[in-house]
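What follows is a set of notes on a single structure, which appears directly below.
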Amino acid sequence: MRRFWLLLLLAACRAQGLPEPYATLQAGDPQALRQMALGGEGYARLLAGWMLLGQEGIPLSERAEYAWRYALFLEGARAFEPGWQPQGAWRAAAPLLEAARDPRAFSAWARLLPDGEAVAALLRLGEGERLWEALFRGRAYRDLLEVLPPDRRPDLRAQALFRLGRYREALPFYQAWAAENPRGYLGLGYALWRLGRREEALSALARYNHPEARYAQGRILEEGGLFLEAVAAYRRSTSEGLWRATGLLERMGLGREAIPLYLELARGDSVYADDAALRAYFLAGELGLQEARREAYASLRGGLGLLLGKNPEAPPPAPVFPPPLEAPLVEALVRGGKEAWARGVVRYALWARPRDWPSLVPLYYRLGIYREGIRAAWPTALAYPRAYRDWVEAYARREGLDPNLLFAILHVESRFDPRAVSPTGALGLAQFLRSTWADVARMLSEPPADPFDPESAIRYAARYLRWLLERCQGAGLEGLEATACAVTAYNGGIGYTLRGMAREGGLYPFFRFQERDEPREYLAKVFSAYAAYRAIP
């Protein structure tokens, strides 16, 4: 035992002054790591176990347990940082658990679906309902169809066939499902619609009394040019259906009939609420419906209210908590060059004590983990950090922008994550496509900088936003209307925005009738963040 503690002491001396138990982790002695994995606590305990997975002298079941714990932690932490996703940990844990004959192996492999190795493992380890459900949830549809008996679970077979685009094959199984559960008629209706059999689809959907079915009916009727019938179906459907109904009514010249539906949406909490209130305000004004206009104004709660001179309520303050116990440890790890371990400490603390988020989020920000900190602090004022403040304010001033607007753009685009990559290939803090990034570089008369460099991203975003504002001002817009035009163009493109305004006859008709939902929602999000930053000192 004396030799063990001497080894620990020597390891700590070699570990660049790191505090215990992280000096032991740095030293990497397997015996010491095992002691920590078995009897330690916190993130250090998890990390020690993770570091022992390749030590074949340690019992297999023990190493499997370490892998399971670490994978569960990563899954619960939901980190965005590369290298912190749980898939790699589950890939290490699953074969260890299976080799140890641990029943949790099935769950571990299921998390790796639809990977072929995971499918093969589940076929070895499971059967019946458990296997079928896992394959379906894991989107392993072809494999599910191979093992699912033809007379069992028609709901799973029908949905798997639908997702594979095999609509005709899905029909008898949707019919069998509908005989057991009316929800099967919803899928049957969609499958028939995909096959071009509209009348049969409408008949099937009529047998499922649910807003989702009424929405599908509305889409089919609208596609067939039966607009009044579509409106009748939409009125009994979802919030998206009501939004589509208002558009159809306006296009048919029935603005008065659209107003009550807009106001119904404005009173709700769907993504259409603020857009509906804004449209109802202007439409009611055009029609001379002053009472409806006042109700629309009163219903407008989000950032779009800025366009009407209405400031939304400031985000509520976060509860006041004392600094967390982890703060000194985090600072010591940062000083010792172990920022990755420091991030692990704060992620573990939030995972283990989620109610302590008001004290832990500042540590997230201290370490540059803005995206996860914003998620934990939402929707309080703590969810609006002024990240990269010196650069944002300096480049905003250089371009004549309100820094709060630039903060809002970066907040919505990436949650201040300089490593962010979107599914469409947008890169970095300001989420530029490479083509637009190159365009801005030409505006700045320089070779393209690194889009993952935070300062460059902020500088390019400020220059691009100024250019968009100038284009919108050139189209006759001023003040916040020009800002709204520029923000929409940041997301949808300046050509898309200016063409849409010309086609619809102005900024506000374009907001209502633009062909894409994403720029409309983007404007609402940015203006909500803009209002929050303006309200927070």
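Ordering of the structure tokens sets the chain letters (A, B, ...); residue numbers start at 1 within each chain; ligands are numbered from 1 in the order shown.
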Next item on the list: Just list the residues in region 110-267 of chain A DSSP gives alpha helix (DSSP H) on the backbone, as a PyMOL selection string.
Entry: chain A and resi 110+116-125+128-137+141-147+154-163+167-180+184-194+198-206+211-223+227-234+239-251+255-267
Neighbours of Glu295 (chain A) within 10 Å (only C-alpha atoms; same-chain residues fewer than 3 positions away dropped), as a CSV table (one decimal) with all heavy atoms, in the first residue's frame?
chain,number,residue,atom,x,y,z
A,263,LEU,N,-56.4,35.3,-36.0
A,263,LEU,CA,-56.4,35.6,-34.6
A,263,LEU,C,-56.4,34.4,-33.7
A,263,LEU,O,-55.9,34.3,-32.7
A,263,LEU,CB,-57.7,36.5,-34.3
A,263,LEU,CG,-57.7,37.9,-35.0
A,263,LEU,CD1,-59.0,38.6,-34.7
A,263,LEU,CD2,-56.5,38.7,-34.4
A,266,ALA,N,-52.9,33.4,-33.6
A,266,ALA,CA,-52.2,34.4,-32.8
A,266,ALA,C,-52.4,34.1,-31.3
A,266,ALA,O,-51.5,34.4,-30.5
A,266,ALA,CB,-52.6,35.8,-33.1
A,267,ARG,N,-53.5,33.6,-30.9
A,267,ARG,CA,-53.7,33.3,-29.5
A,267,ARG,C,-53.1,32.0,-29.0
A,267,ARG,O,-53.0,31.7,-27.8
A,267,ARG,CB,-55.3,33.2,-29.2
A,267,ARG,CG,-56.0,34.5,-29.4
A,267,ARG,CD,-57.4,34.4,-28.9
A,267,ARG,NE,-58.2,33.6,-29.8
A,267,ARG,CZ,-59.0,34.1,-30.8
A,267,ARG,NH1,-59.0,35.4,-31.0
A,267,ARG,NH2,-59.7,33.3,-31.6
A,277,ALA,N,-50.3,37.0,-36.0
A,277,ALA,CA,-50.6,38.3,-35.4
A,277,ALA,C,-50.2,39.4,-36.2
A,277,ALA,O,-50.9,40.4,-36.4
A,277,ALA,CB,-50.0,38.4,-34.0
A,280,ALA,N,-52.4,39.6,-39.3
A,280,ALA,CA,-53.7,40.0,-39.0
A,280,ALA,C,-53.8,41.5,-38.7
A,280,ALA,O,-54.7,42.2,-39.1
A,280,ALA,CB,-54.2,39.3,-37.7
A,281,TYR,N,-52.7,42.1,-38.1
A,281,TYR,CA,-52.6,43.5,-37.9
A,281,TYR,C,-52.7,44.3,-39.2
A,281,TYR,O,-53.5,45.3,-39.3
A,281,TYR,CB,-51.3,43.8,-37.1
A,281,TYR,CG,-51.1,45.3,-36.9
A,281,TYR,CD1,-51.6,45.9,-35.7
A,281,TYR,CD2,-50.3,46.0,-37.7
A,281,TYR,CE1,-51.4,47.2,-35.5
A,281,TYR,CE2,-50.1,47.4,-37.5
A,281,TYR,CZ,-50.6,48.0,-36.4
A,281,TYR,OH,-50.4,49.3,-36.1
A,284,ALA,N,-56.1,43.5,-41.1
A,284,ALA,CA,-57.3,44.2,-40.5
A,284,ALA,C,-57.2,45.7,-40.8
A,284,ALA,O,-58.3,46.4,-40.9
A,284,ALA,CB,-57.3,43.9,-39.0
A,290,GLN,N,-60.9,47.7,-37.0
A,290,GLN,CA,-60.0,48.3,-36.0
A,290,GLN,C,-60.0,47.4,-34.7
A,290,GLN,O,-59.0,47.3,-34.1
A,290,GLN,CB,-60.5,49.7,-35.6
A,290,GLN,CG,-60.3,50.7,-36.7
A,290,GLN,CD,-58.9,50.7,-37.3
A,290,GLN,OE1,-57.9,50.7,-36.5
A,290,GLN,NE2,-58.8,50.6,-38.6
A,291,GLU,N,-61.1,46.8,-34.4
A,291,GLU,CA,-61.1,45.9,-33.2
A,291,GLU,C,-60.2,44.7,-33.4
A,291,GLU,O,-59.5,44.3,-32.5
A,291,GLU,CB,-62.5,45.5,-32.9
A,291,GLU,CG,-62.6,44.6,-31.6
A,291,GLU,CD,-64.1,44.2,-31.2
A,291,GLU,OE1,-65.0,44.8,-31.8
A,291,GLU,OE2,-64.2,43.3,-30.4
A,292,ALA,N,-60.3,44.1,-34.6
A,292,ALA,CA,-59.4,43.0,-34.9
A,292,ALA,C,-58.0,43.4,-34.9
A,292,ALA,O,-57.1,42.7,-34.5
A,292,ALA,CB,-59.8,42.4,-36.3
A,298,ALA,N,-52.3,43.3,-29.6
A,298,ALA,CA,-52.2,42.8,-28.3
A,298,ALA,C,-51.7,41.3,-28.2
A,298,ALA,O,-51.0,40.9,-27.3
A,298,ALA,CB,-53.6,42.8,-27.6
A,299,SER,N,-51.9,40.5,-29.3
A,299,SER,CA,-51.5,39.1,-29.3
A,299,SER,C,-50.0,39.0,-29.7
A,299,SER,O,-49.5,37.9,-29.5
A,299,SER,CB,-52.4,38.3,-30.3
A,299,SER,OG,-53.7,38.4,-29.9
A,300,LEU,N,-49.5,40.0,-30.3
A,300,LEU,CA,-48.1,39.9,-30.9
A,300,LEU,C,-47.1,40.0,-29.7
A,300,LEU,O,-46.9,41.0,-29.1
A,300,LEU,CB,-47.9,41.1,-31.8
A,300,LEU,CG,-46.6,41.0,-32.7
A,300,LEU,CD1,-46.4,39.7,-33.4
A,300,LEU,CD2,-46.6,42.2,-33.7
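Shortest separation to Pro418 (chain A) among A:Trp68, A:Phe452, A:Tyr522, A:Phe106 occurs at residue A:Phe452, atoms counted being only C-alpha atoms.
Coordinates place CA of Glu117 (chain A) at a distance of 11.6 Å from CA of Ala140 (chain A).
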Next item on the list: Take CA of Ala430 (chain A) and CA of Leu363 (chain A) and report the distance between them in Å, one decimal.
Entry: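 These two atoms are separated by 23.3 Å.
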Within 12 Å of Cys472 (chain A), counting only C-alpha atoms, which residues show up once you throw out same-chain ones fewer than 5 positions away? Write them as a CSV table (one decimal) with N, CA and C atoms, in the first residue's frame, please.
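Dumped to selection-v3.csv:
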chain,number,residue,atom,x,y,z
A,465,LEU,N,-23.8,41.6,-43.6
A,465,LEU,CA,-25.0,42.2,-43.1
A,465,LEU,C,-25.1,43.7,-43.5
A,466,ARG,N,-24.0,44.4,-43.5
A,466,ARG,CA,-24.0,45.8,-43.9
A,466,ARG,C,-24.4,45.9,-45.4
A,467,TRP,N,-23.8,45.0,-46.2
A,467,TRP,CA,-24.1,44.9,-47.7
A,467,TRP,C,-25.6,44.6,-47.9
A,477,LEU,N,-36.6,50.7,-48.4
A,477,LEU,CA,-36.9,50.4,-47.0
A,477,LEU,C,-36.0,51.1,-46.0
A,478,GLU,N,-36.5,51.4,-44.9
A,478,GLU,CA,-35.8,52.1,-43.8
A,478,GLU,C,-36.0,51.5,-42.5
A,479,GLY,N,-35.1,51.9,-41.5
A,479,GLY,CA,-35.2,51.5,-40.1
A,479,GLY,C,-35.3,50.0,-40.0
A,480,LEU,N,-36.2,49.6,-39.1
A,480,LEU,CA,-36.4,48.1,-38.8
A,480,LEU,C,-36.9,47.3,-39.9
A,481,GLU,N,-37.6,48.0,-40.9
A,481,GLU,CA,-38.1,47.2,-42.0
A,481,GLU,C,-36.9,46.9,-42.9
A,482,ALA,N,-36.0,47.8,-43.1
A,482,ALA,CA,-34.7,47.4,-43.8
A,482,ALA,C,-34.0,46.3,-43.1
A,483,THR,N,-34.0,46.4,-41.8
A,483,THR,CA,-33.3,45.4,-41.0
A,483,THR,C,-34.0,44.0,-41.2
A,484,ALA,N,-35.3,44.0,-41.1
A,484,ALA,CA,-36.0,42.7,-41.3
A,484,ALA,C,-35.8,42.2,-42.7
A,485,CYS,N,-35.7,43.0,-43.7
A,485,CYS,CA,-35.4,42.6,-45.1
A,485,CYS,C,-34.0,42.0,-45.1
A,486,ALA,N,-33.0,42.6,-44.5
A,486,ALA,CA,-31.6,42.1,-44.5
A,486,ALA,C,-31.5,40.8,-43.7
A,487,VAL,N,-32.2,40.7,-42.6
A,487,VAL,CA,-32.1,39.5,-41.8
A,487,VAL,C,-32.7,38.3,-42.6
A,488,THR,N,-33.8,38.5,-43.3
A,488,THR,CA,-34.4,37.5,-44.1
A,488,THR,C,-33.5,37.1,-45.2
A,489,ALA,N,-32.8,38.1,-45.8
A,489,ALA,CA,-31.9,37.8,-46.9
A,489,ALA,C,-30.6,37.1,-46.4
A,490,TYR,N,-30.2,37.3,-45.2
A,490,TYR,CA,-29.1,36.6,-44.6
A,490,TYR,C,-29.4,35.1,-44.7
A,493,GLY,N,-31.3,34.6,-48.9
A,493,GLY,CA,-30.6,35.2,-50.1
A,493,GLY,C,-31.2,36.5,-50.5
A,494,ILE,N,-30.4,37.5,-50.9
A,494,ILE,CA,-30.9,38.8,-51.3
A,494,ILE,C,-31.8,38.7,-52.5
A,495,GLY,N,-31.4,37.9,-53.5
A,495,GLY,CA,-32.3,37.7,-54.7
A,495,GLY,C,-33.6,37.2,-54.4
A,497,THR,N,-35.2,37.4,-51.6
A,497,THR,CA,-36.0,38.4,-50.8
A,497,THR,C,-36.5,39.5,-51.7
A,498,LEU,N,-35.6,40.1,-52.5
A,498,LEU,CA,-36.1,41.3,-53.3
A,498,LEU,C,-37.0,40.8,-54.4
A,499,ARG,N,-36.8,39.7,-55.0
A,499,ARG,CA,-37.8,39.2,-56.0
A,499,ARG,C,-39.1,38.9,-55.3
A,501,MET,N,-40.4,40.3,-52.7
A,501,MET,CA,-41.1,41.6,-52.4
A,501,MET,C,-41.7,42.2,-53.6
A,506,GLY,N,-44.6,44.1,-51.8
A,506,GLY,CA,-44.2,44.8,-50.6
A,506,GLY,C,-43.6,43.8,-49.6
A,507,LEU,N,-43.0,44.4,-48.5
A,507,LEU,CA,-42.3,43.6,-47.5
A,507,LEU,C,-43.2,42.7,-46.8
Note to self: My list of candidates is A:Phe416, A:Pro316, A:Val330, A:Gly224. Which is closest to Trp378 (chain A) when distances are computed with only C-alpha atoms?
What the structure shows: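 Result for the nearest residue to Trp378 (chain A): A:Pro316.
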Margin query: Please report the interatomic distance between CA of Leu52 (chain A) and CA of Asp29 (chain A) in Å with one decimal.
Written below: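 Going from CA of Leu52 (chain A) over to CA of Asp29 (chain A), I get 9.9 Å.
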Find the residues around Gly500 (chain A) up to 8 Å (only C-alpha atoms counted), leave out those fewer than 3 positions away in its own chain, and share them as an mmCIF file with C-alpha atoms, in the first residue's frame.
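Resulting contents of out_31.cif:
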data_model
loop_
_atom_site.group_PDB
_atom_site.id
_atom_site.type_symbol
_atom_site.label_atom_id
_atom_site.label_comp_id
_atom_site.auth_asym_id
_atom_site.auth_seq_id
_atom_site.Cartn_x
_atom_site.Cartn_y
_atom_site.Cartn_z
ATOM 1 C CA TYR A 496 -34.936 35.561 -53.135
ATOM 2 C CA THR A 497 -35.969 38.386 -50.809
ATOM 3 C CA ARG A 503 -43.787 39.700 -56.711
ATOM 4 C CA GLU A 504 -46.015 40.159 -53.646
ATOM 5 C CA PHE A 510 -43.825 38.862 -48.935
ATOM 6 C CA GLN A 514 -43.042 33.686 -49.371
#
